[in-house]
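Asker: Structure supplied as input_26.csv; contents: CSV, C-alpha atoms.
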```csv
chain,number,residue,atom,x,y,z
A,1,MET,CA,-22.3,17.8,-13.6
A,2,PHE,CA,-18.6,18.3,-14.3
A,3,ALA,CA,-16.8,18.6,-17.7
A,4,SER,CA,-14.7,15.6,-18.3
A,5,ALA,CA,-11.0,15.8,-17.7
A,6,LYS,CA,-9.0,16.3,-20.7
A,7,VAL,CA,-6.1,14.0,-20.0
A,8,GLY,CA,-3.2,13.6,-22.2
A,9,ARG,CA,-3.4,16.8,-24.3
A,10,SER,CA,-1.9,20.2,-23.8
A,11,LEU,CA,-4.1,23.2,-23.1
A,12,SER,CA,-2.8,26.6,-24.2
A,13,LYS,CA,-3.0,29.4,-21.7
A,14,GLU,CA,-5.6,31.1,-23.9
A,15,ALA,CA,-7.8,28.0,-23.9
A,16,TYR,CA,-7.4,27.6,-20.2
A,17,LYS,CA,-8.4,31.1,-19.5
A,18,ALA,CA,-11.5,30.7,-21.8
A,19,GLU,CA,-12.6,27.5,-19.9
A,20,VAL,CA,-11.6,28.4,-16.3
A,21,GLU,CA,-14.6,30.6,-15.5
A,22,ASP,CA,-17.0,27.9,-16.5
A,23,LEU,CA,-15.0,25.2,-14.6
A,24,ARG,CA,-15.0,27.4,-11.5
A,25,THR,CA,-18.8,27.9,-11.7
A,26,GLN,CA,-19.3,24.1,-12.2
A,27,LEU,CA,-17.1,23.4,-9.2
A,28,LEU,CA,-19.1,25.8,-7.0
A,29,GLU,CA,-22.4,24.4,-8.2
A,30,ALA,CA,-21.2,20.9,-7.3
A,31,GLN,CA,-20.1,22.1,-3.9
A,32,ILE,CA,-23.5,23.7,-3.3
A,33,ALA,CA,-25.3,20.5,-4.4
A,34,ALA,CA,-23.2,18.4,-2.1
A,35,ARG,CA,-24.0,20.7,0.8
A,36,GLU,CA,-27.7,20.7,0.0
A,37,HIS,CA,-27.8,16.9,-0.2
A,38,ASP,CA,-25.6,16.3,2.8
A,39,ILE,CA,-23.0,14.4,0.8
A,40,PRO,CA,-19.5,14.3,2.2
A,41,VAL,CA,-16.9,14.7,-0.5
A,42,TYR,CA,-13.3,13.4,-0.3
A,43,VAL,CA,-10.8,14.8,-2.8
A,44,ILE,CA,-7.5,13.0,-2.7
A,45,ILE,CA,-4.6,14.7,-4.4
A,46,ALA,CA,-1.5,12.5,-4.6
A,47,GLY,CA,1.3,11.7,-7.0
A,48,MET,CA,5.0,12.0,-7.7
A,49,GLU,CA,7.0,15.0,-6.4
A,50,GLY,CA,7.1,18.0,-8.7
A,51,THR,CA,3.9,17.3,-10.6
A,52,GLY,CA,1.9,20.3,-9.5
A,53,LYS,CA,-0.1,18.8,-6.7
A,54,GLY,CA,0.4,21.9,-4.5
A,55,GLU,CA,-0.9,24.2,-7.2
A,56,VAL,CA,-4.0,22.0,-7.6
A,57,VAL,CA,-4.7,22.1,-3.9
A,58,ASN,CA,-4.1,25.9,-3.9
A,59,ALA,CA,-6.5,26.3,-6.8
A,60,LEU,CA,-9.2,24.2,-5.1
A,61,ASP,CA,-8.7,26.3,-1.9
A,62,GLU,CA,-9.1,29.5,-4.0
A,63,TRP,CA,-12.0,28.3,-6.2
A,64,LEU,CA,-14.2,26.6,-3.6
A,65,ASP,CA,-16.3,28.4,-1.0
A,66,ALA,CA,-14.1,28.1,2.1
A,67,ARG,CA,-17.1,27.3,4.3
A,68,GLY,CA,-17.2,23.6,4.7
A,69,VAL,CA,-13.9,22.8,3.0
A,70,ASN,CA,-10.9,21.6,5.0
A,71,VAL,CA,-7.4,20.8,3.5
A,72,TYR,CA,-5.2,18.2,5.2
A,73,ALA,CA,-1.6,17.2,4.4
A,74,PHE,CA,-0.6,13.7,5.1
A,75,TRP,CA,3.1,13.4,5.0
A,76,GLU,CA,5.2,12.1,7.8
A,77,GLU,CA,3.4,10.3,10.6
A,78,THR,CA,3.6,11.7,14.1
A,79,ASP,CA,4.6,9.5,17.0
A,80,ASP,CA,1.0,9.6,18.2
A,81,GLU,CA,-0.2,8.3,14.8
A,82,ARG,CA,2.3,5.5,14.8
A,83,LEU,CA,0.7,4.1,17.9
A,84,ARG,CA,-2.7,3.8,16.3
A,85,PRO,CA,-4.2,1.9,13.3
A,86,ARG,CA,-3.0,3.3,10.0
A,87,SER,CA,-6.4,4.7,9.1
A,88,TRP,CA,-6.7,6.7,12.3
A,89,ARG,CA,-5.0,9.7,10.9
A,90,PHE,CA,-7.6,9.9,8.1
A,91,TRP,CA,-10.6,9.1,10.4
A,92,ARG,CA,-9.9,12.3,12.4
A,93,ALA,CA,-10.1,14.3,9.2
A,94,MET,CA,-13.2,12.9,7.6
A,95,PRO,CA,-15.5,15.6,6.4
A,96,ALA,CA,-19.0,16.0,7.8
A,97,ARG,CA,-22.0,15.5,5.6
A,98,GLY,CA,-22.2,18.3,3.1
A,99,GLU,CA,-18.5,19.2,3.5
A,100,ILE,CA,-15.4,18.7,1.5
A,101,GLY,CA,-12.1,17.2,2.7
A,102,VAL,CA,-9.1,17.8,0.5
A,103,PHE,CA,-6.6,15.2,1.4
A,104,PHE,CA,-3.2,16.2,0.2
A,105,GLY,CA,-1.3,13.0,0.1
A,106,GLY,CA,-4.1,10.7,1.1
A,107,TRP,CA,-4.2,7.1,2.0
A,108,TYR,CA,-2.5,5.8,-1.1
A,109,LEU,CA,0.8,7.5,-0.5
A,110,TRP,CA,2.1,5.1,2.1
A,111,PRO,CA,1.6,1.8,0.3
A,112,ILE,CA,2.9,3.2,-3.0
A,113,GLU,CA,6.0,4.7,-1.4
A,114,GLU,CA,6.7,1.4,0.4
A,115,GLY,CA,6.2,-0.6,-2.8
A,116,PHE,CA,8.6,1.6,-4.8
A,117,ALA,CA,11.2,1.6,-2.0
A,118,ASN,CA,11.1,-2.2,-2.1
A,119,ASP,CA,10.4,-2.3,1.6
A,120,TRP,CA,7.3,-4.4,1.1
A,121,ASP,CA,6.6,-7.5,-0.8
A,122,GLU,CA,3.4,-7.9,-3.0
A,123,ALA,CA,1.5,-9.5,-0.1
A,124,ASN,CA,2.0,-6.5,2.1
A,125,ILE,CA,1.0,-4.1,-0.6
A,126,ASP,CA,-2.1,-6.2,-1.5
A,127,GLN,CA,-3.1,-6.3,2.2
A,128,CYS,CA,-2.8,-2.6,2.6
A,129,MET,CA,-4.6,-1.9,-0.7
A,130,ARG,CA,-7.5,-4.2,0.4
A,131,SER,CA,-7.7,-2.1,3.6
A,132,VAL,CA,-7.9,1.1,1.5
A,133,ARG,CA,-10.6,-0.5,-0.8
A,134,ASP,CA,-12.6,-1.5,2.3
A,135,LEU,CA,-12.4,2.0,3.7
A,136,GLU,CA,-13.5,3.5,0.4
A,137,ARG,CA,-16.4,1.0,0.1
A,138,MET,CA,-17.6,1.9,3.6
A,139,LEU,CA,-17.5,5.6,2.8
A,140,ILE,CA,-19.3,5.2,-0.6
A,141,ASN,CA,-21.9,2.9,1.0
A,142,ASP,CA,-22.5,5.8,3.5
A,143,GLY,CA,-23.2,8.2,0.6
A,144,ALA,CA,-19.8,9.8,0.2
A,145,VAL,CA,-18.2,10.9,-3.1
A,146,ILE,CA,-14.5,10.2,-3.5
A,147,VAL,CA,-12.5,12.0,-6.2
A,148,LYS,CA,-9.0,10.6,-6.6
A,149,CYS,CA,-6.3,12.5,-8.5
A,150,TRP,CA,-2.9,10.9,-9.1
A,151,TYR,CA,-0.4,13.2,-10.7
A,152,HIS,CA,2.5,11.6,-12.6
A,153,PHE,CA,3.7,14.1,-15.2
A,154,SER,CA,7.1,14.8,-16.6
A,155,GLU,CA,8.4,18.3,-16.1
A,156,GLU,CA,7.9,18.9,-19.8
A,157,VAL,CA,4.3,17.9,-19.7
A,158,GLN,CA,3.7,20.1,-16.7
A,159,ARG,CA,4.7,23.2,-18.7
```
Represent the structure contained in this file as structure tokens.
Answerer:
Amino acid sequence: MFASAKVGRSLSKEAYKAEVEDLRTQLLEAQIAAREHDIPVYVIIAGMEGTGKGEVVNALDEWLDARGVNVYAFWEETDDERLRPRSWRFWRAMPARGEIGVFFGGWYLWPIEEGFANDWDEANIDQCMRSVRDLERMLINDGAVIVKCWYHFSEEVQR
């Protein structure tokens, strides 16, 4: 359905321009198929700062049919969110069947940040990641498609 990602190689501007029209068409066809088959789609865009995540979200927003697509940013928790289970903030944003939810930040951001900040030990990170795995299994068992994109590029590679 989709062309495979070309990870680890540079793509010239000319090559990008030559491929972008076909990629946009494939993306719209996949969106239409998900809508026709009532498949909820979760696109998680996360990664290190300055890796182009915002540009990816903007491109998806531009390329996809806006009907049935919602973009959510998950950065700082609100006071209301802190009073509830961790997954609550994501539950409220779950796409309906046939719709696409683009999760800018996503449910991986918190455990990874806590792990890097050395605020958590391995047991805490493992527990949180088990919870994430359980959430994803539940969504997949219900027929969802989850697309996870983690961006970790040097500034040189981004160019």
Asker: Rank nothing, just name the residue among A:Val147, A:Val41, A:Ile140, A:Ala33 nearest to Ala93 (chain A), using all atoms listed in the file.
Answerer: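 The closest residue to Ala93 (chain A) is A:Val41.
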Asker: I'd like to know which of A:Val56, A:Ala73, A:Ile39, A:Leu23 is closest to Arg89 (chain A), using all atoms listed in the file.
Answerer: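 Closest to Arg89 (chain A), using all atoms listed in the file: A:Ala73.
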Asker: Please list as number ranges by chain every residue within 9 Å of Tyr108 (chain A), counting all atoms listed in the file and excluding residues in the same chain fewer than 6 positions away.
Answerer: A: 44, 46, 129, 132
Asker: One number please: CA of Cys128 (chain A) to CA of Trp107 (chain A), in Å, one decimal.
Answerer: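 Interatomic distance, CA of Cys128 (chain A) to CA of Trp107 (chain A): 9.8 Å.
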Asker: If we count only C-alpha atoms and set the cut-off at 12 Å, which residues sit around Glu81 (chain A), ignoring sequence neighbours fewer than 6 positions away in its own chain? Please answer as a list in words.
Answerer: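 After dropping sequence-adjacent residues, the list is Phe74, Trp75, Ser87, Trp88, Arg89, Phe90, Trp91 and Arg92 of chain A.
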Asker: Quick one: distance from CA of Gly50 (chain A) to CA of Glu156 (chain A) in Å, one decimal?
Answerer: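 If I compute the distance from CA of Gly50 (chain A) to CA of Glu156 (chain A), I get 11.2 Å.
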Asker: Neighbouring residues of Ile112 (chain A) were defined as those with any atom within 12 Å, considering only C-alpha atoms; residues of the same chain fewer than 3 positions away were excluded. Please report them as a PyMOL selection string.
Answerer: chain A and resi 46-48+105-109+115-122+124-126+128-129+132+150
Asker: How many Å separate CA of Tyr151 (chain A) from CA of Asn58 (chain A)?
Answerer: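 A separation of 14.9 Å between them.
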Asker: Could you give me, as a PyMOL selection string, the residues that sit within 8 Å of (-4.3, 18.9, -6.4) in the file's coordinates, counting only C-alpha atoms?
Answerer: chain A and resi 44-46+52-60+104+149
Asker: Could you dump the residues just selected with C-alpha atoms as a compact mmCIF listing (two decimals), in the coordinates of the input?
Answerer:
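Now in selection_7.txt:
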```
# COMPACT_ATOMS: atom_id res chain seq x y z
CA ILE A 44 -7.50 13.00 -2.70
CA ILE A 45 -4.60 14.70 -4.40
CA ALA A 46 -1.50 12.50 -4.60
CA GLY A 52 1.90 20.30 -9.50
CA LYS A 53 -0.10 18.80 -6.70
CA GLY A 54 0.40 21.90 -4.50
CA GLU A 55 -0.90 24.20 -7.20
CA VAL A 56 -4.00 22.00 -7.60
CA VAL A 57 -4.70 22.10 -3.90
CA ASN A 58 -4.10 25.90 -3.90
CA ALA A 59 -6.50 26.30 -6.80
CA LEU A 60 -9.20 24.20 -5.10
CA PHE A 104 -3.20 16.20 0.20
CA CYS A 149 -6.30 12.50 -8.50
```
Asker: Which residue gives the smallest distance to Met94 (chain A) among A:Glu136, A:Glu36, A:Glu14, A:Glu114, with all atoms listed in the file counted?
Answerer: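 So, comparing all the options, the nearest one is A:Glu136.
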Asker: Which is closer to Glu99 (chain A) than all the others in A:Leu27, A:Ala123, A:Val20, A:Ile32, using all atoms listed in the file?
Answerer: A:Ile32
Asker: Please return region 43-55 of chain A, rebuilt to N, CA, C and O atoms, as a compact mmCIF listing (two decimals), in the frame of the given file.
Answerer:
```
# COMPACT_ATOMS: atom_id res chain seq x y z
N VAL A 43 -11.63 14.56 -1.63
CA VAL A 43 -10.80 14.80 -2.80
C VAL A 43 -9.37 14.46 -2.39
O VAL A 43 -8.79 15.08 -1.50
N ILE A 44 -8.84 13.43 -3.04
CA ILE A 44 -7.50 13.00 -2.70
C ILE A 44 -6.55 13.43 -3.82
O ILE A 44 -6.72 13.07 -4.98
N ILE A 45 -5.57 14.22 -3.43
CA ILE A 45 -4.60 14.70 -4.40
C ILE A 45 -3.25 14.07 -4.00
O ILE A 45 -2.70 14.32 -2.93
N ALA A 46 -2.76 13.22 -4.88
CA ALA A 46 -1.50 12.50 -4.60
C ALA A 46 -0.74 12.34 -5.90
O ALA A 46 -1.25 12.59 -6.98
N GLY A 47 0.49 11.91 -5.77
CA GLY A 47 1.30 11.70 -7.00
C GLY A 47 2.77 11.90 -6.69
O GLY A 47 3.21 12.09 -5.55
N MET A 48 3.51 11.90 -7.77
CA MET A 48 5.00 12.00 -7.70
C MET A 48 5.32 13.49 -7.35
O MET A 48 4.54 14.41 -7.58
N GLU A 49 6.50 13.64 -6.79
CA GLU A 49 7.00 15.00 -6.40
C GLU A 49 7.15 15.82 -7.69
O GLU A 49 7.53 15.33 -8.75
N GLY A 50 6.87 17.11 -7.56
CA GLY A 50 7.10 18.00 -8.70
C GLY A 50 6.08 17.97 -9.77
O GLY A 50 6.35 18.42 -10.88
N THR A 51 4.89 17.42 -9.49
CA THR A 51 3.90 17.30 -10.60
C THR A 51 2.79 18.33 -10.47
O THR A 51 1.83 18.27 -11.23
N GLY A 52 2.91 19.28 -9.57
CA GLY A 52 1.90 20.30 -9.50
C GLY A 52 0.79 20.09 -8.52
O GLY A 52 -0.23 20.78 -8.57
N LYS A 53 0.96 19.13 -7.62
CA LYS A 53 -0.10 18.80 -6.70
C LYS A 53 -0.42 20.04 -5.78
O LYS A 53 -1.59 20.33 -5.53
N GLY A 54 0.60 20.73 -5.34
CA GLY A 54 0.40 21.90 -4.50
C GLY A 54 -0.40 22.98 -5.20
O GLY A 54 -1.27 23.62 -4.60
N GLU A 55 -0.13 23.17 -6.48
CA GLU A 55 -0.90 24.20 -7.20
C GLU A 55 -2.34 23.77 -7.37
O GLU A 55 -3.23 24.62 -7.32
```
